[in-house]
Every structure is written in C-alpha cells, then in structure tokens.
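Trainee: Contents of work-v1.cif (mmCIF, C-alpha atoms and all ligand atoms):
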data_start
loop_
_atom_site.label_atom_id
_atom_site.label_comp_id
_atom_site.auth_asym_id
_atom_site.auth_seq_id
_atom_site.Cartn_x
_atom_site.Cartn_y
_atom_site.Cartn_z
CA MET A 1 179.83 135.76 99.90
CA GLY A 2 178.65 133.17 97.37
CA ARG A 3 178.30 135.86 94.74
CA LYS A 4 181.81 137.17 95.30
CA VAL A 5 183.28 133.69 94.92
CA LEU A 6 181.30 133.17 91.74
CA LEU A 7 182.42 136.52 90.37
CA PHE A 8 186.03 135.73 91.29
CA LEU A 9 185.76 132.36 89.53
CA ILE A 10 184.25 133.88 86.41
CA VAL A 11 186.89 136.62 86.21
CA GLY A 12 189.60 133.99 86.82
CA ILE A 13 188.33 131.72 84.09
CA LEU A 14 187.87 134.58 81.64
CA SER A 15 191.39 135.92 82.19
CA ALA A 16 192.89 132.42 81.91
CA TRP A 17 190.97 131.94 78.66
CA TYR A 18 192.17 135.33 77.44
CA LEU A 19 195.80 134.84 78.43
CA TYR A 20 196.11 131.21 77.37
CA THR A 21 197.62 130.62 73.93
CA PRO A 22 197.99 127.07 72.63
CA LEU A 23 201.65 126.61 71.64
CA PRO A 24 203.43 123.97 69.58
CA ALA A 25 204.92 121.11 71.64
CA ASN A 26 208.52 122.06 70.77
CA THR A 27 208.20 125.66 72.05
CA GLU A 28 211.12 126.68 74.23
CA GLN A 29 210.19 128.76 77.32
CA PRO A 30 206.45 128.35 76.62
CA TRP A 31 205.43 130.48 79.61
CA ALA A 32 207.56 133.38 78.49
CA VAL A 33 206.12 133.17 74.96
CA MET A 34 202.62 133.02 76.41
CA CYS A 35 203.23 136.07 78.62
CA LEU A 36 204.68 138.02 75.72
CA GLU A 37 201.72 137.07 73.56
CA ALA A 38 199.29 138.04 76.34
CA CYS A 39 200.98 141.46 76.56
CA LEU A 40 200.85 141.99 72.81
CA LYS A 41 197.25 140.80 72.67
CA THR A 42 196.29 143.26 75.40
CA ILE A 43 198.09 146.15 73.69
CA ASN A 44 196.46 145.28 70.36
CA ASN A 45 192.99 144.99 71.86
CA VAL A 46 193.30 148.24 73.79
CA MET A 47 194.53 150.05 70.68
CA GLN A 48 191.75 148.56 68.57
CA LEU A 49 189.32 150.01 71.09
CA VAL A 50 191.13 153.36 71.04
CA GLU A 51 190.81 153.32 67.27
CA LEU A 52 187.16 152.30 67.38
CA LEU A 53 186.45 155.25 69.69
CA GLY A 54 188.08 157.53 67.13
CA ILE A 55 190.85 158.61 69.51
CA SER A 56 193.80 157.56 67.39
CA HIS A 57 194.85 155.29 64.56
CA PHE A 58 195.73 151.78 65.77
CA MET A 59 199.38 152.05 64.68
CA THR A 60 199.84 155.53 66.15
CA GLY A 61 198.57 154.17 69.46
CA VAL A 62 200.94 151.20 69.48
CA ASN A 63 203.87 153.37 68.44
CA PHE A 64 203.14 155.74 71.29
CA LEU A 65 203.66 152.84 73.71
CA ILE A 66 206.85 151.75 71.93
CA SER A 67 208.27 155.25 72.32
CA PHE A 68 208.57 154.52 76.07
CA VAL A 69 211.16 151.82 75.38
CA GLU A 70 213.38 153.93 73.16
CA THR A 71 216.96 154.54 74.24
CA SER A 72 219.22 157.55 73.99
CA PRO A 73 222.55 157.16 72.17
CA THR A 74 224.76 155.86 74.97
CA SER A 75 228.41 155.06 74.37
CA ASP A 76 230.06 152.38 76.50
CA GLU A 77 233.61 151.16 77.08
CA ASN A 78 233.69 149.41 73.68
CA LEU A 79 231.47 151.46 71.41
CA THR A 80 230.85 155.06 70.47
CA VAL A 81 227.15 155.50 69.78
CA VAL A 82 225.79 158.62 68.10
CA ASP A 83 222.56 159.74 66.49
CA THR A 84 223.08 161.69 63.29
CA THR A 85 221.46 162.08 59.87
CA PHE A 86 222.35 160.65 56.46
CA HIS A 87 220.76 162.73 53.72
CA ASN A 88 218.31 164.12 56.32
CA ILE A 89 217.32 160.61 57.43
CA PRO A 90 217.96 160.03 61.17
CA VAL A 91 220.36 157.14 61.75
CA ARG A 92 222.12 155.71 64.80
CA VAL A 93 225.80 154.85 64.33
CA TYR A 94 227.82 152.34 66.38
CA ILE A 95 231.60 152.60 66.08
CA PRO A 96 234.01 150.28 67.91
CA LYS A 97 236.42 152.21 70.14
CA GLN A 98 239.34 149.84 69.84
CA LYS A 99 242.10 151.26 67.66
CA THR A 100 242.66 149.48 64.38
CA LYS A 101 245.04 149.97 61.45
CA THR A 102 242.74 148.33 58.94
CA LEU A 103 239.35 149.40 57.66
CA ARG A 104 236.32 147.87 59.35
CA ARG A 105 233.33 145.97 58.06
CA GLY A 106 230.16 148.02 57.72
CA ILE A 107 226.60 146.89 58.36
CA PHE A 108 223.60 148.90 57.30
CA PHE A 109 220.69 147.66 59.44
CA ILE A 110 216.98 148.31 58.81
CA HIS A 111 214.58 147.74 61.71
CA GLY A 112 211.25 145.94 61.45
CA GLY A 113 207.80 146.93 62.74
CA GLY A 114 205.58 146.49 59.71
CA TRP A 115 206.57 149.84 58.12
CA CYS A 116 204.46 151.37 60.89
CA LEU A 117 206.27 150.85 64.19
CA ALA A 118 209.55 151.07 66.10
CA SER A 119 212.85 152.77 65.33
CA ALA A 120 216.61 152.30 65.53
CA GLN A 121 216.25 153.70 69.07
CA PHE A 122 213.91 150.90 70.21
CA TYR A 123 215.54 149.03 73.09
CA GLY A 124 215.73 145.64 71.33
CA TYR A 125 217.16 147.06 68.10
CA ASP A 126 219.69 149.16 69.97
CA LEU A 127 220.85 146.04 71.80
CA LEU A 128 221.09 144.01 68.59
CA SER A 129 223.13 146.72 66.88
CA ARG A 130 225.47 147.00 69.88
CA ARG A 131 226.11 143.29 69.94
CA THR A 132 226.58 143.16 66.17
CA ALA A 133 229.09 146.02 66.22
CA HIS A 134 230.95 144.58 69.19
CA ARG A 135 231.10 140.96 68.09
CA LEU A 136 232.08 141.76 64.49
CA ASP A 137 234.25 144.77 65.31
CA ALA A 138 232.13 146.47 62.65
CA VAL A 139 230.60 149.88 62.14
CA VAL A 140 226.82 149.51 62.31
CA ILE A 141 224.48 152.06 60.80
CA SER A 142 220.93 151.54 62.06
CA THR A 143 218.61 153.62 59.95
CA ASN A 144 215.23 155.15 60.62
CA TYR A 145 212.63 155.91 57.99
CA ARG A 146 209.28 157.66 58.00
CA LEU A 147 206.43 155.39 59.05
CA ALA A 148 202.82 154.61 58.20
CA PRO A 149 200.04 155.62 58.75
CA LYS A 150 201.42 159.11 58.15
CA HIS A 151 203.57 157.99 55.23
CA HIS A 152 203.01 155.21 52.76
CA PHE A 153 205.00 153.41 50.07
CA PRO A 154 207.37 154.45 48.51
CA ILE A 155 208.41 156.86 51.31
CA GLN A 156 209.80 154.11 53.57
CA PHE A 157 211.70 152.57 50.68
CA GLU A 158 213.04 155.92 49.51
CA ASP A 159 214.18 157.03 52.95
CA VAL A 160 216.13 153.83 53.43
CA TYR A 161 217.53 153.95 49.93
CA ASN A 162 218.66 157.55 50.30
CA ALA A 163 220.32 156.85 53.65
CA LEU A 164 222.08 153.79 52.21
CA LYS A 165 223.32 155.68 49.16
CA TRP A 166 224.63 158.41 51.44
CA PHE A 167 226.49 155.81 53.50
CA LEU A 168 228.02 154.22 50.38
CA ARG A 169 229.70 157.47 49.31
CA GLN A 170 233.47 157.31 49.40
CA ALA A 171 233.79 160.28 51.76
CA VAL A 172 231.33 158.86 54.30
CA LEU A 173 232.89 155.39 54.29
CA GLN A 174 236.28 157.01 54.82
CA GLU A 175 234.97 159.12 57.69
CA TYR A 176 233.80 155.99 59.53
CA GLY A 177 236.79 153.87 58.52
CA VAL A 178 234.64 151.36 56.61
CA ASP A 179 236.07 149.00 53.99
CA PRO A 180 234.02 149.54 50.77
CA LYS A 181 234.57 145.86 49.88
CA ARG A 182 233.02 144.59 53.13
CA ILE A 183 229.58 146.13 53.45
CA GLY A 184 226.43 144.23 54.34
CA VAL A 185 222.78 145.25 54.35
CA SER A 186 220.45 143.53 56.78
CA GLY A 187 217.02 143.86 58.32
CA ASP A 188 214.27 141.95 60.07
CA SER A 189 210.62 141.52 59.06
CA SER A 190 209.56 144.68 57.18
CA GLY A 191 213.21 145.76 57.56
CA GLY A 192 214.12 142.55 55.72
CA ASN A 193 211.69 143.60 53.02
CA LEU A 194 213.35 146.99 52.73
CA ALA A 195 216.82 145.39 52.78
CA ALA A 196 215.99 143.02 49.91
CA ALA A 197 214.35 145.87 47.98
CA VAL A 198 217.19 148.39 48.30
CA VAL A 199 219.81 145.77 47.48
CA GLN A 200 217.93 144.92 44.27
CA GLN A 201 217.65 148.60 43.45
CA LEU A 202 221.37 149.18 44.00
CA GLN A 203 222.17 146.58 41.37
CA CYS A 204 220.76 148.68 38.57
CA ASP A 205 221.79 152.08 39.94
CA GLN A 206 224.54 153.55 37.78
CA ASP A 207 225.24 156.30 40.36
CA VAL A 208 226.50 153.92 43.01
CA LYS A 209 230.03 152.69 42.58
CA VAL A 210 230.33 150.71 45.82
CA LYS A 211 228.47 147.39 45.80
CA VAL A 212 227.37 145.54 48.91
CA LYS A 213 229.05 142.23 49.67
CA VAL A 214 226.22 140.47 51.49
CA GLN A 215 222.58 140.85 52.45
CA ALA A 216 220.97 139.24 55.50
CA LEU A 217 217.20 138.91 55.66
CA ILE A 218 215.65 137.93 58.97
CA TYR A 219 212.09 136.57 58.61
CA PRO A 220 211.46 139.06 55.80
CA VAL A 221 208.17 140.03 54.10
CA LEU A 222 208.80 139.62 50.37
CA GLN A 223 205.47 139.74 48.59
CA ALA A 224 201.89 141.04 48.85
CA LEU A 225 200.42 138.90 46.09
CA ASP A 226 199.39 135.61 47.63
CA PHE A 227 198.15 135.34 51.22
CA ASP A 228 197.08 131.73 50.84
CA LEU A 229 200.56 130.22 51.19
CA PRO A 230 200.93 127.14 53.41
CA SER A 231 202.62 129.33 56.04
CA TYR A 232 199.65 131.73 56.07
CA ARG A 233 197.24 128.79 56.31
CA GLU A 234 199.11 127.10 59.14
CA ASN A 235 200.00 130.15 61.20
CA ALA A 236 196.90 132.31 60.77
CA HIS A 237 196.56 132.28 64.57
CA SER A 238 200.19 131.85 65.62
CA PRO A 239 201.49 134.05 68.44
CA ILE A 240 203.21 137.42 67.86
CA LEU A 241 202.01 137.85 64.28
CA SER A 242 198.61 136.51 63.26
CA LYS A 243 197.50 136.62 59.63
CA GLU A 244 195.02 139.35 60.55
CA LEU A 245 197.75 141.52 62.05
CA ALA A 246 200.16 140.81 59.18
CA LEU A 247 197.57 141.99 56.67
CA ARG A 248 196.90 145.10 58.72
CA TYR A 249 200.61 146.00 58.52
CA ILE A 250 201.09 145.03 54.89
CA SER A 251 198.03 146.92 53.66
CA GLU A 252 198.97 149.91 55.80
CA TYR A 253 202.26 150.16 53.91
CA PHE A 254 200.20 151.15 50.86
CA THR A 255 197.14 152.86 52.27
CA THR A 256 195.02 153.48 55.34
CA ASP A 257 191.95 152.58 53.25
CA ARG A 258 190.84 149.33 54.91
CA SER A 259 189.24 147.99 51.73
CA LEU A 260 192.68 146.84 50.56
CA GLU A 261 193.12 144.83 53.76
CA LYS A 262 189.68 143.23 53.28
CA ALA A 263 190.46 142.29 49.68
CA MET A 264 193.82 140.87 50.79
CA ALA A 265 192.13 138.73 53.44
CA ASN A 266 190.05 137.14 50.67
CA ASN A 267 193.05 136.99 48.33
CA GLN A 268 191.03 139.07 45.86
CA HIS A 269 193.22 142.14 45.54
CA ILE A 270 195.08 141.18 42.35
CA PRO A 271 193.55 142.23 39.01
CA VAL A 272 193.42 139.55 36.34
CA HIS A 273 195.77 141.51 34.07
CA SER A 274 198.53 140.94 36.66
CA ALA A 275 198.03 137.16 36.58
CA HIS A 276 201.51 136.68 35.10
CA LEU A 277 203.06 137.84 38.41
CA PHE A 278 201.86 134.69 40.19
CA GLN A 279 204.68 132.72 38.55
CA PHE A 280 207.11 134.54 40.90
CA VAL A 281 205.29 133.44 44.05
CA ASN A 282 204.00 130.07 42.88
CA TRP A 283 204.54 128.06 46.01
CA SER A 284 203.64 124.75 44.40
CA SER A 285 206.84 124.99 42.38
CA LEU A 286 208.99 127.24 44.62
CA LEU A 287 208.62 125.51 47.99
CA PRO A 288 210.63 122.36 48.59
CA GLU A 289 208.50 119.30 49.44
CA HIS A 290 209.32 119.68 53.14
CA PHE A 291 207.62 123.09 53.25
CA ARG A 292 204.63 122.18 51.06
CA LYS A 293 203.47 119.73 53.71
CA GLY A 294 200.73 118.21 51.61
CA HIS A 295 198.89 121.50 51.08
CA VAL A 296 196.94 121.72 47.85
CA TYR A 297 197.71 124.62 45.53
CA LYS A 298 194.66 126.64 44.60
CA LYS A 299 194.56 128.65 41.40
CA PRO A 300 194.89 132.39 42.05
CA THR A 301 191.66 134.32 42.51
CA PHE A 302 191.26 137.81 41.12
CA GLY A 303 189.44 140.99 41.99
CA SER A 304 188.65 144.25 40.24
CA SER A 305 191.49 146.42 39.05
CA ALA A 306 190.28 149.41 41.10
CA LEU A 307 192.53 148.71 44.11
CA ALA A 308 195.62 148.08 42.02
CA ASN A 309 194.98 151.29 40.09
CA LYS A 310 194.63 153.28 43.29
CA TYR A 311 197.47 151.64 45.22
CA PRO A 312 199.84 150.19 42.61
CA GLY A 313 202.54 149.82 45.29
CA PHE A 314 201.61 146.28 46.24
CA LEU A 315 202.51 145.12 42.73
CA ASP A 316 205.76 147.10 42.73
CA VAL A 317 209.02 145.17 42.94
CA ARG A 318 210.34 147.80 45.39
CA ALA A 319 207.65 146.67 47.83
CA ALA A 320 207.63 143.01 46.84
CA PRO A 321 211.17 141.83 46.04
CA LEU A 322 209.89 138.36 45.04
CA LEU A 323 208.39 139.99 41.95
CA ALA A 324 211.82 140.55 40.41
CA ASN A 325 212.41 138.31 37.40
CA ASP A 326 215.36 135.92 37.19
CA THR A 327 217.45 138.39 35.20
CA GLN A 328 217.04 140.97 37.95
CA LEU A 329 217.97 138.47 40.66
CA ARG A 330 221.11 137.33 38.89
CA GLY A 331 224.17 139.03 40.31
CA LEU A 332 222.67 139.81 43.72
CA PRO A 333 225.18 139.54 46.56
CA LYS A 334 225.63 136.51 48.77
CA THR A 335 222.48 136.16 50.85
CA TYR A 336 221.46 134.96 54.28
CA VAL A 337 217.79 134.16 54.90
CA LEU A 338 216.42 133.24 58.32
CA THR A 339 212.90 131.81 58.53
CA CYS A 340 210.77 130.56 61.42
CA GLU A 341 208.48 127.56 61.36
CA TYR A 342 205.56 129.26 63.15
CA ASP A 343 205.45 132.40 61.05
CA VAL A 344 203.02 133.48 58.32
CA LEU A 345 206.05 134.92 56.51
CA ARG A 346 207.97 131.62 56.46
CA ASP A 347 207.16 130.81 52.84
CA ASP A 348 208.10 134.30 51.62
CA GLY A 349 211.66 133.62 52.83
CA VAL A 350 211.76 130.01 51.60
CA MET A 351 210.53 130.99 48.13
CA TYR A 352 213.13 133.73 47.89
CA VAL A 353 215.81 131.18 48.74
CA THR A 354 214.63 129.01 45.82
CA ARG A 355 214.36 131.97 43.46
CA LEU A 356 217.87 133.16 44.34
CA GLN A 357 219.31 129.65 43.98
CA ASN A 358 217.65 129.34 40.57
CA ALA A 359 219.37 132.61 39.64
CA ARG A 360 222.73 131.19 40.86
CA VAL A 361 223.03 133.54 43.82
CA LEU A 362 224.86 132.04 46.81
CA VAL A 363 222.35 131.61 49.63
CA THR A 364 222.47 130.33 53.19
CA HIS A 365 219.09 129.42 54.63
CA HIS A 366 218.65 128.98 58.37
CA HIS A 367 215.28 127.65 59.38
CA ILE A 368 214.37 127.83 63.06
CA GLU A 369 212.19 124.76 63.65
CA ASP A 370 210.76 126.14 66.91
CA GLY A 371 210.85 129.81 65.93
CA PHE A 372 208.11 132.45 66.00
CA HIS A 373 208.11 135.71 64.16
CA GLY A 374 209.77 138.81 65.58
CA LEU A 375 211.71 137.37 68.49
CA ILE A 376 215.31 138.17 67.54
CA SER A 377 215.75 141.12 69.86
CA ILE A 378 213.21 140.29 72.54
CA GLY A 379 215.34 138.44 75.12
CA LEU A 380 214.03 134.87 74.78
CA LYS A 381 216.38 131.92 74.25
CA VAL A 382 215.07 131.21 70.77
CA GLY A 383 215.80 134.84 69.85
CA ALA A 384 219.34 134.53 71.17
CA ARG A 385 219.83 131.49 68.91
CA MET A 386 218.60 133.49 65.92
CA GLU A 387 220.91 136.35 66.78
CA ASN A 388 223.91 134.02 67.12
CA GLN A 389 223.28 132.32 63.81
CA TYR A 390 222.85 135.67 62.07
CA ILE A 391 225.97 137.26 63.57
CA ASN A 392 228.05 134.11 63.03
CA TRP A 393 227.05 134.07 59.39
CA LEU A 394 228.07 137.73 59.02
CA SER A 395 231.32 136.95 60.77
CA ASP A 396 232.10 134.18 58.27
CA ASN A 397 230.84 135.85 55.12
CA LEU A 398 231.33 139.57 55.38
C1 LIG A 401 233.37 145.34 76.32
O1 LIG A 401 234.16 144.29 75.78
C2 LIG A 401 234.64 143.37 76.73
C3 LIG A 401 235.54 142.40 75.99
O2 LIG A 401 234.87 141.74 74.96
C4 LIG A 401 233.48 142.68 77.43
O3 LIG A 401 233.94 141.80 78.41
C5 LIG A 401 232.58 143.75 78.06
O4 LIG A 401 231.44 143.13 78.64
C6 LIG A 401 232.16 144.76 77.01
N1 LIG A 401 231.38 145.83 77.64
C7 LIG A 401 230.13 146.13 77.28
C8 LIG A 401 229.49 147.25 78.01
O5 LIG A 401 229.53 145.52 76.40
C1 LIG A 402 202.15 126.95 39.54
O1 LIG A 402 202.98 125.83 39.35
C2 LIG A 402 202.28 124.64 38.99
C3 LIG A 402 203.31 123.55 38.83
O2 LIG A 402 203.91 123.27 40.04
C4 LIG A 402 201.52 124.86 37.68
O3 LIG A 402 200.77 123.71 37.40
C5 LIG A 402 200.60 126.06 37.82
O4 LIG A 402 200.01 126.34 36.56
C6 LIG A 402 201.38 127.27 38.27
N1 LIG A 402 200.46 128.36 38.49
C7 LIG A 402 200.74 129.63 38.20
C8 LIG A 402 199.66 130.61 38.45
O5 LIG A 402 201.83 129.98 37.77
C1 LIG A 403 213.11 141.50 33.74
O1 LIG A 403 212.71 142.76 34.22
C2 LIG A 403 213.41 143.84 33.63
C3 LIG A 403 212.98 145.09 34.37
O2 LIG A 403 211.58 145.21 34.47
C4 LIG A 403 213.08 143.88 32.14
O3 LIG A 403 213.79 144.95 31.55
C5 LIG A 403 213.50 142.55 31.52
O4 LIG A 403 213.10 142.54 30.17
C6 LIG A 403 212.87 141.39 32.26
N1 LIG A 403 213.46 140.15 31.76
C7 LIG A 403 212.74 139.10 31.45
C8 LIG A 403 213.50 137.89 31.00
O5 LIG A 403 211.53 139.09 31.52
#
What does this structure look like when you write it as structure tokens?
Ligand SMILES: *[C@@H]1O[C@H](CO)[C@@H](O)[C@H](O)[C@H]1NC(C)=O
Ligand SMILES: *[C@@H]1O[C@H](CO)[C@@H](O)[C@H](O)[C@H]1NC(C)=O
Ligand SMILES: *[C@@H]1O[C@H](CO)[C@@H](O)[C@H](O)[C@H]1NC(C)=O
Mentor:
Amino acid sequence: MGRKVLLFLIVGILSAWYLYTPLPANTEQPWAVMCLEACLKTINNVMQLVELLGISHFMTGVNFLISFVETSPTSDENLTVVDTTFHNIPVRVYIPKQKTKTLRRGIFFIHGGGWCLASAQFYGYDLLSRRTAHRLDAVVISTNYRLAPKHHFPIQFEDVYNALKWFLRQAVLQEYGVDPKRIGVSGDSSGGNLAAAVVQQLQCDQDVKVKVKVQALIYPVLQALDFDLPSYRENAHSPILSKELALRYISEYFTTDRSLEKAMANNQHIPVHSAHLFQFVNWSSLLPEHFRKGHVYKKPTFGSSALANKYPGFLDVRAAPLLANDTQLRGLPKTYVLTCEYDVLRDDGVMYVTRLQNARVLVTHHHIEDGFHGLISIGLKVGARMENQYINWLSDNL
C-alpha cells in the first residue's frame, strides 16, 4: 500500500513538474496556454525520441500528426471553397458567394510552420482564411509550398513566388473577379518571412505588371544573422516557440545538417567577410528604447566560412528580408507588422518596422503586450484579438 501511494505521489509530482510552465503575470487564459504548451512539449519530446531511434525525422513526425487536423475544401452558405493549383502549386481558394457588381479585394495568404510544417488545409489556417474572406468580402488564396526536410531553400520561396505570379496574371484575376489595384500578401511566422521576401522580389521583377497594395506580416521571421537579440535572450524558454525550437526550424530551412543549428546557437555561423550585413540587423540602433530594455549590445562573433559556403541561403535576402538595403526597401507597399512580447521573433518584426520607416514606407505596427508566438489561429482569446486587429487593418487599408 505504502509503496503504491509513494509511486502515485512521485508520478503526480513528475507530471506536474513536466506540465507546469511558468507564465508572465499578464497572460490571458493561463491554463489554456499551459495545456497547449504541455501538448506541444509532449509532441516535441515524443518526436525527438522517434528521431533518436532513427524512425523518422523530427519534422516528418510532427507533420504526420498535423495531417490529422487537415480539412477538406468545404463550401458553406457564404463561401465557395476549392482546392486547385497555380503553376502546379496546390492552393486553396475562398470565394464569397454573394453577388457583386464590382471587383473584389484579393488576399494571397502564406501559412506558417517553420518552412517544415502545416498547410493551407490545416484546420486553424482554413478557419482564418474563411473568416478573412467572409469579413472582407475578399477572394483569399491560401497557398501551399513544398516543405523541409525534403526540400530546402529556395524551394519554399520559389513555390510561393511562382504561385503568386500566377495569381497576379490578368486572366487569373479576371477569372476570380479580383481588383488588380486591391491585392494584399500576408503570412504568419515563416509565412510572414515568405510574404516579406516575395513582396521584395516582386518590386524588381519586370515581368509582373500588377503590384500589390499592402503586405501584412504576422510575427514574421526576417533574419538568420543574429540570434542574440533581446527577444531571443528574454524568450529563450517562452512557451510555443523556444529559442532551441526556433533554431531547429530556421536551420532546417537551409539544411538538415545539424552543424548549422549548433553554430547558430552559438551565434558563430556568420563568416567575417559578411560582417557588413550586421548593419541591417543592428538592434542597438534599430530597436526603439522601449524594446532594448537595457540589454547590452555585444559585437558580432564570427565563425569559419565553411557553413556559409555550403548553405549560402541564410545570407540570402530571399530568406532574410531584413538584409535588403534601404534602396531595395524604398517603394515597398504599405505594411502591417504584428509582433508579440513573449516571442523570440519579436525583434525581427520591430527592426523591420524601423527599417521600413527609415525607407519612408508606410507601416502600422501592432504589438501584443501579452502575446505569444503562433497563436493567431489556435482558438485562444489572445489569438482572436490578433486576428481582429489584422483583419481590421486589411479592411481599412486594402
Ligand atoms: C454567413 O454569413 C452570415 C451573415 O454574415 C452569418 O450570420 C453566418 O454565420 C455565416 N455562415 C457561416 C457558415 O459562416
Ligand atoms: C551597431 O550600432 C551601434 C550604434 O548604436 C554602433 O556603435 C555599432 O558599431 C554597430 N555595430 C555594427 C556591427 O554595425
Ligand atoms: C542595394 O542592393 C542592390 C541589390 O543588391 C544593389 O544593386 C545596390 O547597389 C545596393 N544599394 C546600396 C546603396 O548599397
């Protein structure tokens, strides 16, 4: 009897210790966040074990689980929803059913998931696209793209870019009744990275006649140069996306070779001959006082050039939109950036806001003081607030 009680106590204490996540005092629905984090932690740990046993790559394992919460294209009373392809890239299209005499706004949405996970079909993204299409009476194109670990940069970028260029053709816009003067590109997390990157690329593409009116970046990843930003220091162990997990995703965009991830963790992945790039992500000058929070800027550290020679992608502006110079940023469309306080990626977004403002681009910055990464389509109240702010901004600016 005594032994059973002891065992029960030990198991109880261990699971409480495992499931308990310290949260900031201003967290809304702390129990829900803790449960979500406990779920994610369990999935991650199980998949790390699966990977350790050589059964499958970590990301492949997680994506297998995500495939159970994918939806089929289901039309409802207000929207026609279809899966189709744009230039051989699978996309899901949401078209309002209500008759209209005028052309509609068009939104090209790019899902997140660290370039490794999820799809336009994922339950949360499907819901977000439905609500966006319905509330804005807009045509929403939610694109897929090939994922890591099977595919690495620039495949993800190119898939998205090809699908977007296909959408921007006169004949396609006409087919969907989209106004070429009212097109927005948006995305969250790694989708925000791809959104910022393709919008930059469009600017200098002579083939594309239609220009996008706005871009909306939801807690985007915008650089792979400096992982010692105040937001990385403060949120290394924040729920949903720890620094360790962020680096796993970011390095996986470029290679499955884990030595890049290790070098990134020590901030020693940049060769000294790329030192000039640090000016574009220099947080001591690009973060407003409020976001510097008394952190002390450390001079960049450098590593050998071997990694950059093998995987030059992480120094490529198409993977790291913050690396564009001011001339390249000038003329970008009106921009919305949403950042969260408890997010390693916070300073990526804040620095891009400063860089765009310096280049005289119109920018709206919404900072969610009690926000965590990745919650926009998850069903928590804080995510609903993010979604409202994002859709309201599109409603006013697109
Ligand atoms: C369709 O639109 C109406 C009016 O906005 C709304 O009340 C209803 O809930 C919508 N239906 C769905 C399935 O979203
Ligand atoms: C970053 O900016 C600070 C000024 O705020 C400057 O002293 C420092 O040299 C800069 N570092 C780099 C690498 O650009
Ligand atoms: C900015 O980058 C573009 C493209 O790499 C280059 O052609 C241009 O010279 C750069 N401008 C400045 C001011 O460095």
Trainee: Please measure the separation of CA of Thr143 in chain A and CA of Gly61 in chain A, giving the value in Å to one decimal.
Mentor: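 CA of Gly61 in chain A lies 22.2 Å from CA of Thr143 in chain A.
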Trainee: Got a sec to check which residues lie within 10 Å of ligand LIG 403 (chain A), using all atoms listed in the file, and send them as a ChimeraX atom specification?
Mentor: /A:204,317,323-329
Trainee: For each of A:Phe314, A:Phe291, A:Tyr18, A:Tyr342, take the minimum atom-to-atom distance to Ser274 in chain A, counting only C-alpha atoms, then give the residue where this is smallest.
Mentor: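 The answer is A:Phe314, which sits nearest to Ser274 in chain A.
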Trainee: Can you tell me which residues come within 9 Å of ligand LIG 402 (chain A) when counting only C-alpha atoms and all ligand atoms, ideally as a PyMOL selection string?
Mentor: chain A and resi 275-286+297-300
Trainee: Using only C-alpha atoms, find all polymer residues with an atom at most 10 Å away from the point (194.0, 142.5, 40.5); report them as a JSON list (two decimals) with C-alpha atoms, in the frame of the given file.
Mentor:
[["chain", "number", "residue", "atom", "x", "y", "z"],
["A", 225, "LEU", "CA", 200.42, 138.90, 46.09],
["A", 263, "ALA", "CA", 190.46, 142.29, 49.68],
["A", 267, "ASN", "CA", 193.05, 136.99, 48.33],
["A", 268, "GLN", "CA", 191.03, 139.07, 45.86],
["A", 269, "HIS", "CA", 193.22, 142.14, 45.54],
["A", 270, "ILE", "CA", 195.08, 141.18, 42.35],
["A", 271, "PRO", "CA", 193.55, 142.23, 39.01],
["A", 272, "VAL", "CA", 193.42, 139.55, 36.34],
["A", 273, "HIS", "CA", 195.77, 141.51, 34.07],
["A", 274, "SER", "CA", 198.53, 140.94, 36.66],
["A", 275, "ALA", "CA", 198.03, 137.16, 36.58],
["A", 301, "THR", "CA", 191.66, 134.32, 42.51],
["A", 302, "PHE", "CA", 191.26, 137.81, 41.12],
["A", 303, "GLY", "CA", 189.44, 140.99, 41.99],
["A", 304, "SER", "CA", 188.65, 144.25, 40.24],
["A", 305, "SER", "CA", 191.49, 146.42, 39.05],
["A", 306, "ALA", "CA", 190.28, 149.41, 41.10],
["A", 307, "LEU", "CA", 192.53, 148.71, 44.11],
["A", 308, "ALA", "CA", 195.62, 148.08, 42.02],
["A", 309, "ASN", "CA", 194.98, 151.29, 40.09],
["A", 312, "PRO", "CA", 199.84, 150.19, 42.61],
["A", 315, "LEU", "CA", 202.51, 145.12, 42.73]]
Trainee: Can you work out which residues are within 7 Å of ligand LIG 401 (chain A), considering only C-alpha atoms and all ligand atoms, and then hand them over as number ranges by chain?
Mentor: A: 76-78
Trainee: Go ahead and save the residues from that selection, with C-alpha atoms, as a compact mmCIF listing (two decimals), keeping the file's coordinate frame.
Mentor:
# COMPACT_ATOMS: atom_id res chain seq x y z
CA ASP A 76 230.06 152.38 76.50
CA GLU A 77 233.61 151.16 77.08
CA ASN A 78 233.69 149.41 73.68
Trainee: Compile a residue-level contact table for range 286-344 of chain A against range 370-374 of chain A at a cut-off of 7 Å, reporting for every qualifying residue the shortest atom pair and its distance in Å to one decimal, with only C-alpha atoms counted, rows ordered by chain and ascending number, as CSV.
Mentor:
residue,atom,partner,partner_atom,distance
A:Cys340,CA,A:Gly371,CA,4.6
A:Glu341,CA,A:Gly371,CA,5.6
A:Tyr342,CA,A:Phe372,CA,5.0
A:Asp343,CA,A:His373,CA,5.3
Trainee: Mind dumping the selected residues with C-alpha atoms as a PDB file, keeping the file's coordinate frame?
Mentor:
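This went into out-v7.pdb:
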ATOM      1  CA  CYS A 340     210.770 130.560  61.420  1.00  0.00           C
ATOM      2  CA  GLU A 341     208.480 127.560  61.360  1.00  0.00           C
ATOM      3  CA  TYR A 342     205.560 129.260  63.150  1.00  0.00           C
ATOM      4  CA  ASP A 343     205.450 132.400  61.050  1.00  0.00           C
TER       5      ASP A 343
END
Trainee: Any chance you could export range 222-239 of chain A with C-alpha atoms, as a CSV table (one decimal), in the first residue's frame?
Mentor:
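Below is the file result39.csv, written as the result:
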chain,number,residue,atom,x,y,z
A,222,LEU,CA,13.0,38.1,-41.0
A,223,GLN,CA,16.7,37.3,-40.5
A,224,ALA,CA,19.1,34.4,-39.7
A,225,LEU,CA,22.1,36.5,-38.8
A,226,ASP,CA,21.8,37.4,-35.2
A,227,PHE,CA,20.3,35.1,-32.6
A,228,ASP,CA,21.4,37.2,-29.6
A,229,LEU,CA,18.7,39.8,-29.9
A,230,PRO,CA,17.0,41.0,-26.7
A,231,SER,CA,13.9,39.0,-27.8
A,232,TYR,CA,15.9,35.8,-28.2
A,233,ARG,CA,17.6,36.4,-24.8
A,234,GLU,CA,14.3,37.1,-23.0
A,235,ASN,CA,12.2,34.4,-24.6
A,236,ALA,CA,14.7,31.5,-25.0
A,237,HIS,CA,12.3,29.4,-22.9
A,238,SER,CA,9.0,31.0,-23.7
A,239,PRO,CA,6.0,28.7,-24.5
